[in-house]
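Note sheet for the following structure.
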Amino acid sequence: AVVSTQSTGEIRGFCHTYNGEEAVIVGIEAGLSTGDLMIGSFRCHALTLMHGGTVPSILAELAAKATGLSGAKGGSCHLYTDTFFGGNGIVGAQVPLGVGLALKLKYQEERNISVVLYGDGASNQGQVFEAFNIAKLWNLPVLFVCENNKYGMGTEAYRSSANTDFYKRGDFIPGIWADGMDILSMRQATEFAREWCLSGRGPLIVEAQTYRYHGHSVTELGTTYRSDEEVKRMMKKHDPIVHFLCQTVSANLITEAEAQEIEAECDREVEQIHEQVMKEPGPELSEAYTHVYINPPPNFKIRGCEPKQYIVPRDA
């Protein structure tokens, strides 16, 4: 729905999809408990949905509608819920913030963990290693998840990283590798990691090896640095949704006919949501300057783009 909506111009700007990587977040969520906190990168739609968001509020935010999760001020990269702290547009910036969330949990003696997701492209950021250091120094309950989809924008991992075993990059922080195309593998890794983090032994790194079908963003085809045949091969042989379907059918948990009906029902539901969301209004101009001051100064107003145009924020 997101890809088709951007192609029609209803969603503008950068839009980083999660197609192909679904098993990572589904498996992680299956291994977490109520109250666990999460923060991620700009590729955050699925993370937001799984950690408290809804399809209507997410799609509304992408389409700059007033009912969006961030009131149309965040867009694709900046989605939030009560326990999901973004959606961060700056590569790697979420990692130290996630460590801060873990510090909050430990300080307030809460039995929860902070899950910090970042990509292989962000793994060489200096702030990542600084965050590793303080997280281990204070033995904070933080799970670092490197979503290794093999390409940082258009650069394959081996061309930018001297060590592509990202689960070993923590030095003093132990790590494990998990199949990021398998929901059950990610669930088991998360359950183990959560128990580890809450045992007082501090942080853990999980490398989730996965793959994205689209380019870095929807408008980038992703075929200049990898072949179309490679993408088709991954979709045919390693698709996480198809793989999970095969597992559930083999275990007699569901039939193929039932799975097809579920898929059709989901398609109908998303189509209805899309139709409704696109009819919703965008934010009023007076909303553009809200959330700037806690208490706006008296007679506060902002000069607009047109001569003699002044905008009075809603809260002023």
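Residue numbering restarts at 1 in every chain; chains get A, B, ... in the order shown in the structure tokens, and ligands count up from 1 in that same order.
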Would you please extract all helix (DSSP H, G or I) residues from range 136-246 of chain A, as assigned by DSSP on the backbone, and give them as a PyMOL selection string? chain A and resi 136-137+157-160+166-168+183-198+228-238+240-246
Taking 4 positions as the minimum chain separation for residues in the same chain, which residues sit within 7 Å of range 22-31 of chain A when counting only C-alpha atoms? Answer as a list in words. Tyr18, Leu47, Met50, Gly180, Met181, Asp182, Ile183, Leu184, Met186, Arg187, Gln188, Thr190, Glu191, Ala208 and Pro240 of chain A
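Residue nearest Thr219 in chain A within the list A:Leu101, A:Cys15, A:Leu245, A:Ile294: A:Cys15 [criterion: smallest interatomic distance, only C-alpha atoms].
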Among the residues A:Ser33, A:Glu21, A:Asn124, A:Ala257, the one that comes closest to Leu198 in chain A [using only C-alpha atoms]: A:Ser33
Name all residues at most 10 Å from Leu59 in chain A (count only C-alpha atoms; drop same-chain ones fewer than 6 positions away) and give them as number ranges by chain. A: 1-2, 5, 11, 45, 65, 67-69, 75-76, 270, 273-274, 277-278
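Going from CA of Arg212 in chain A over to CA of Gly20 in chain A, you cover 4.9 Å.
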With a distance cut-off of 9 Å and only C-alpha atoms, select the neighbouring residues of range 92-98 of chain A, excluding the residue or stretch itself and same-chain residues fewer than 3 positions from it, and output the selection as an mmCIF file with N, CA and C atoms, in the first residue's frame.
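Saved file result-v4.cif follows:
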data_model
loop_
_atom_site.group_PDB
_atom_site.id
_atom_site.type_symbol
_atom_site.label_atom_id
_atom_site.label_comp_id
_atom_site.auth_asym_id
_atom_site.auth_seq_id
_atom_site.Cartn_x
_atom_site.Cartn_y
_atom_site.Cartn_z
ATOM 1 N N LEU A 37 10.867 -1.168 25.875
ATOM 2 C CA LEU A 37 10.960 0.020 25.035
ATOM 3 C C LEU A 37 11.724 -0.283 23.757
ATOM 4 N N MET A 38 11.501 0.532 22.731
ATOM 5 C CA MET A 38 12.140 0.276 21.442
ATOM 6 C C MET A 38 12.429 1.593 20.725
ATOM 7 N N ILE A 39 13.506 1.589 19.974
ATOM 8 C CA ILE A 39 13.861 2.723 19.128
ATOM 9 C C ILE A 39 14.549 2.180 17.885
ATOM 10 N N GLY A 40 14.332 2.824 16.739
ATOM 11 C CA GLY A 40 14.879 2.300 15.495
ATOM 12 C C GLY A 40 15.358 3.388 14.558
ATOM 13 N N SER A 41 15.638 2.975 13.342
ATOM 14 C CA SER A 41 16.169 3.887 12.330
ATOM 15 C C SER A 41 15.031 4.494 11.527
ATOM 16 N N PHE A 85 10.160 4.972 20.326
ATOM 17 C CA PHE A 85 10.711 6.320 20.349
ATOM 18 C C PHE A 85 11.329 6.751 19.013
ATOM 19 N N GLY A 86 10.743 6.293 17.919
ATOM 20 C CA GLY A 86 11.209 6.691 16.603
ATOM 21 C C GLY A 86 12.051 5.603 15.974
ATOM 22 N N GLY A 87 12.014 5.629 14.724
ATOM 23 C CA GLY A 87 12.028 6.578 13.678
ATOM 24 C C GLY A 87 13.041 7.693 13.891
ATOM 25 N N ASN A 88 14.293 7.511 13.421
ATOM 26 C CA ASN A 88 15.299 8.574 13.468
ATOM 27 C C ASN A 88 15.955 8.711 12.107
ATOM 28 N N GLY A 89 15.955 9.932 11.589
ATOM 29 C CA GLY A 89 16.472 10.176 10.248
ATOM 30 C C GLY A 89 17.991 10.200 10.153
ATOM 31 N N LEU A 101 17.394 5.148 27.122
ATOM 32 C CA LEU A 101 16.161 4.486 27.557
ATOM 33 C C LEU A 101 16.474 3.354 28.537
ATOM 34 N N ALA A 102 17.536 2.613 28.254
ATOM 35 C CA ALA A 102 17.943 1.530 29.148
ATOM 36 C C ALA A 102 18.384 2.069 30.504
ATOM 37 N N LEU A 103 19.061 3.214 30.492
ATOM 38 C CA LEU A 103 19.477 3.842 31.750
ATOM 39 C C LEU A 103 18.252 4.214 32.576
ATOM 40 N N SER A 114 15.490 -2.210 26.842
ATOM 41 C CA SER A 114 15.437 -1.304 25.695
ATOM 42 C C SER A 114 15.992 -2.041 24.474
ATOM 43 N N VAL A 115 15.229 -2.032 23.379
ATOM 44 C CA VAL A 115 15.660 -2.676 22.138
ATOM 45 C C VAL A 115 16.051 -1.588 21.151
ATOM 46 N N VAL A 116 17.290 -1.633 20.692
ATOM 47 C CA VAL A 116 17.819 -0.620 19.786
ATOM 48 C C VAL A 116 18.144 -1.269 18.441
ATOM 49 N N LEU A 117 17.429 -0.868 17.397
ATOM 50 C CA LEU A 117 17.662 -1.438 16.074
ATOM 51 C C LEU A 117 18.424 -0.444 15.197
ATOM 52 N N TYR A 118 19.440 -0.946 14.516
ATOM 53 C CA TYR A 118 20.231 -0.128 13.594
ATOM 54 C C TYR A 118 20.679 -1.027 12.450
ATOM 55 N N GLY A 119 21.091 -0.427 11.362
ATOM 56 C CA GLY A 119 21.473 -1.214 10.197
ATOM 57 C C GLY A 119 22.971 -1.439 10.072
ATOM 58 N N GLY A 121 24.700 -0.409 7.754
ATOM 59 C CA GLY A 121 25.276 0.862 7.297
ATOM 60 C C GLY A 121 25.613 1.796 8.437
ATOM 61 N N ALA A 122 24.915 1.659 9.564
ATOM 62 C CA ALA A 122 25.161 2.522 10.729
ATOM 63 C C ALA A 122 26.202 1.938 11.670
ATOM 64 N N SER A 123 26.605 0.704 11.419
ATOM 65 C CA SER A 123 27.445 -0.012 12.389
ATOM 66 C C SER A 123 28.827 0.602 12.566
ATOM 67 N N ASN A 124 29.278 1.423 11.618
ATOM 68 C CA ASN A 124 30.602 2.026 11.720
ATOM 69 C C ASN A 124 30.574 3.440 12.302
ATOM 70 N N GLN A 125 29.413 3.901 12.703
ATOM 71 C CA GLN A 125 29.285 5.232 13.302
ATOM 72 C C GLN A 125 29.990 5.279 14.655
ATOM 73 N N GLY A 126 30.711 6.349 14.891
ATOM 74 C CA GLY A 126 31.414 6.489 16.162
ATOM 75 C C GLY A 126 30.480 6.469 17.354
ATOM 76 N N GLN A 127 29.318 7.084 17.213
ATOM 77 C CA GLN A 127 28.382 7.146 18.338
ATOM 78 C C GLN A 127 27.863 5.763 18.730
ATOM 79 N N VAL A 128 27.889 4.819 17.787
ATOM 80 C CA VAL A 128 27.476 3.454 18.105
ATOM 81 C C VAL A 128 28.449 2.832 19.098
ATOM 82 N N GLU A 130 30.534 4.438 21.060
ATOM 83 C CA GLU A 130 30.457 5.176 22.318
ATOM 84 C C GLU A 130 29.293 4.669 23.158
ATOM 85 N N ALA A 131 28.176 4.385 22.477
ATOM 86 C CA ALA A 131 26.999 3.858 23.183
ATOM 87 C C ALA A 131 27.277 2.454 23.717
ATOM 88 N N PHE A 132 27.964 1.627 22.923
ATOM 89 C CA PHE A 132 28.368 0.297 23.395
ATOM 90 C C PHE A 132 29.150 0.412 24.701
ATOM 91 N N ALA A 135 27.040 1.493 27.713
ATOM 92 C CA ALA A 135 26.050 0.458 28.024
ATOM 93 C C ALA A 135 26.688 -0.690 28.804
ATOM 94 N N VAL A 142 20.062 -3.369 27.692
ATOM 95 C CA VAL A 142 19.802 -2.937 26.322
ATOM 96 C C VAL A 142 20.186 -4.040 25.340
ATOM 97 N N PHE A 144 20.995 -4.633 21.547
ATOM 98 C CA PHE A 144 21.353 -4.004 20.273
ATOM 99 C C PHE A 144 21.060 -4.999 19.145
#
Residues near Ala193 in chain A, anyone? I mean within 9 Å using only C-alpha atoms, not counting same-chain ones fewer than 3 positions away, as a PyMOL selection string. chain A and resi 143+176+188-190+196-198+203-206
For those residues, write N, CA and C atoms to a file as a compact mmCIF listing (two decimals), in the first residue's frame.
# COMPACT_ATOMS: atom_id res chain seq x y z
N LEU A 143 19.27 -4.32 24.43
CA LEU A 143 19.51 -5.28 23.35
C LEU A 143 19.77 -4.51 22.07
N ILE A 176 25.25 -12.62 19.29
CA ILE A 176 24.81 -13.84 18.63
C ILE A 176 24.28 -13.49 17.25
N GLN A 188 13.36 -16.71 19.24
CA GLN A 188 14.22 -17.43 20.17
C GLN A 188 15.43 -16.58 20.57
N ALA A 189 16.01 -15.88 19.60
CA ALA A 189 17.16 -15.02 19.90
C ALA A 189 16.76 -13.90 20.85
N THR A 190 15.57 -13.34 20.65
CA THR A 190 15.10 -12.24 21.49
C THR A 190 14.80 -12.71 22.90
N TRP A 196 19.05 -12.48 29.22
CA TRP A 196 20.45 -12.09 29.47
C TRP A 196 20.51 -10.66 30.01
N CYS A 197 19.84 -9.74 29.35
CA CYS A 197 19.90 -8.33 29.72
C CYS A 197 19.32 -8.07 31.11
N LEU A 198 18.32 -8.85 31.50
CA LEU A 198 17.68 -8.66 32.80
C LEU A 198 18.38 -9.42 33.92
N PRO A 203 24.39 -5.55 28.37
CA PRO A 203 23.87 -5.57 27.00
C PRO A 203 24.28 -6.81 26.21
N LEU A 204 23.55 -6.99 25.11
CA LEU A 204 23.85 -8.08 24.18
C LEU A 204 23.59 -7.57 22.76
N ILE A 205 24.35 -8.09 21.81
CA ILE A 205 24.16 -7.74 20.40
C ILE A 205 23.57 -8.94 19.66
N VAL A 206 22.55 -8.70 18.86
CA VAL A 206 22.01 -9.71 17.96
C VAL A 206 22.14 -9.19 16.53
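DSSP annotation of range 44-232 of chain A from backbone atoms: strand (DSSP E or B) residues are Phe84, Ser114, Val115, Val116, Leu117, Tyr118, Gly119, Val142, Leu143, Phe144, Val145, Cys146, Glu147, Asn148, Tyr151, Gly152, Thr155, Glu156, Gly175, Ile176, Trp177, Ala178, Asp179, Leu204, Ile205, Val206, Glu207, Ala208 and Gln209 of chain A.
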Using C-alpha atoms, can you write the selected residues to a file as a PDB file, in the first residue's frame?
ATOM      1  CA  PHE A  84       8.403   3.324  20.518  1.00  0.00           C
ATOM      2  CA  SER A 114      15.437  -1.304  25.695  1.00  0.00           C
ATOM      3  CA  VAL A 115      15.660  -2.676  22.138  1.00  0.00           C
ATOM      4  CA  VAL A 116      17.819  -0.620  19.786  1.00  0.00           C
ATOM      5  CA  LEU A 117      17.662  -1.438  16.074  1.00  0.00           C
ATOM      6  CA  TYR A 118      20.231  -0.128  13.594  1.00  0.00           C
ATOM      7  CA  GLY A 119      21.473  -1.214  10.197  1.00  0.00           C
ATOM      8  CA  VAL A 142      19.802  -2.937  26.322  1.00  0.00           C
ATOM      9  CA  LEU A 143      19.507  -5.280  23.354  1.00  0.00           C
ATOM     10  CA  PHE A 144      21.353  -4.004  20.273  1.00  0.00           C
ATOM     11  CA  VAL A 145      19.896  -5.464  17.065  1.00  0.00           C
ATOM     12  CA  CYS A 146      21.897  -4.965  13.870  1.00  0.00           C
ATOM     13  CA  GLU A 147      19.498  -5.403  10.949  1.00  0.00           C
ATOM     14  CA  ASN A 148      22.024  -6.551   8.386  1.00  0.00           C
ATOM     15  CA  TYR A 151      23.484  -3.005   1.775  1.00  0.00           C
ATOM     16  CA  GLY A 152      23.990   0.354   3.441  1.00  0.00           C
ATOM     17  CA  THR A 155      27.139   0.008  -0.607  1.00  0.00           C
ATOM     18  CA  GLU A 156      27.510  -3.699   0.058  1.00  0.00           C
ATOM     19  CA  GLY A 175      26.753 -11.197  20.511  1.00  0.00           C
ATOM     20  CA  ILE A 176      24.810 -13.844  18.630  1.00  0.00           C
ATOM     21  CA  TRP A 177      23.796 -14.308  14.998  1.00  0.00           C
ATOM     22  CA  ALA A 178      20.164 -14.935  14.045  1.00  0.00           C
ATOM     23  CA  ASP A 179      18.367 -15.715  10.796  1.00  0.00           C
ATOM     24  CA  LEU A 204      23.853  -8.080  24.180  1.00  0.00           C
ATOM     25  CA  ILE A 205      24.155  -7.743  20.399  1.00  0.00           C
ATOM     26  CA  VAL A 206      22.015  -9.712  17.957  1.00  0.00           C
ATOM     27  CA  GLU A 207      22.862  -9.610  14.269  1.00  0.00           C
ATOM     28  CA  ALA A 208      19.717 -10.290  12.253  1.00  0.00           C
ATOM     29  CA  GLN A 209      20.773 -11.191   8.727  1.00  0.00           C
TER      30      GLN A 209
END
Write out as a ChimeraX atom specification the residues lying within 10 Å of Asp171 in chain A, counting only C-alpha atoms and excluding same-chain residues fewer than 3 positions away. /A:129,132-133,167-168,174-175
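A straight line drawn from CA of Ala72 in chain A to CA of Ala60 in chain A is 7.7 Å long.
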One number please: CA of Asn139 in chain A to CA of His78 in chain A, in Å, one decimal. 28.7 Å
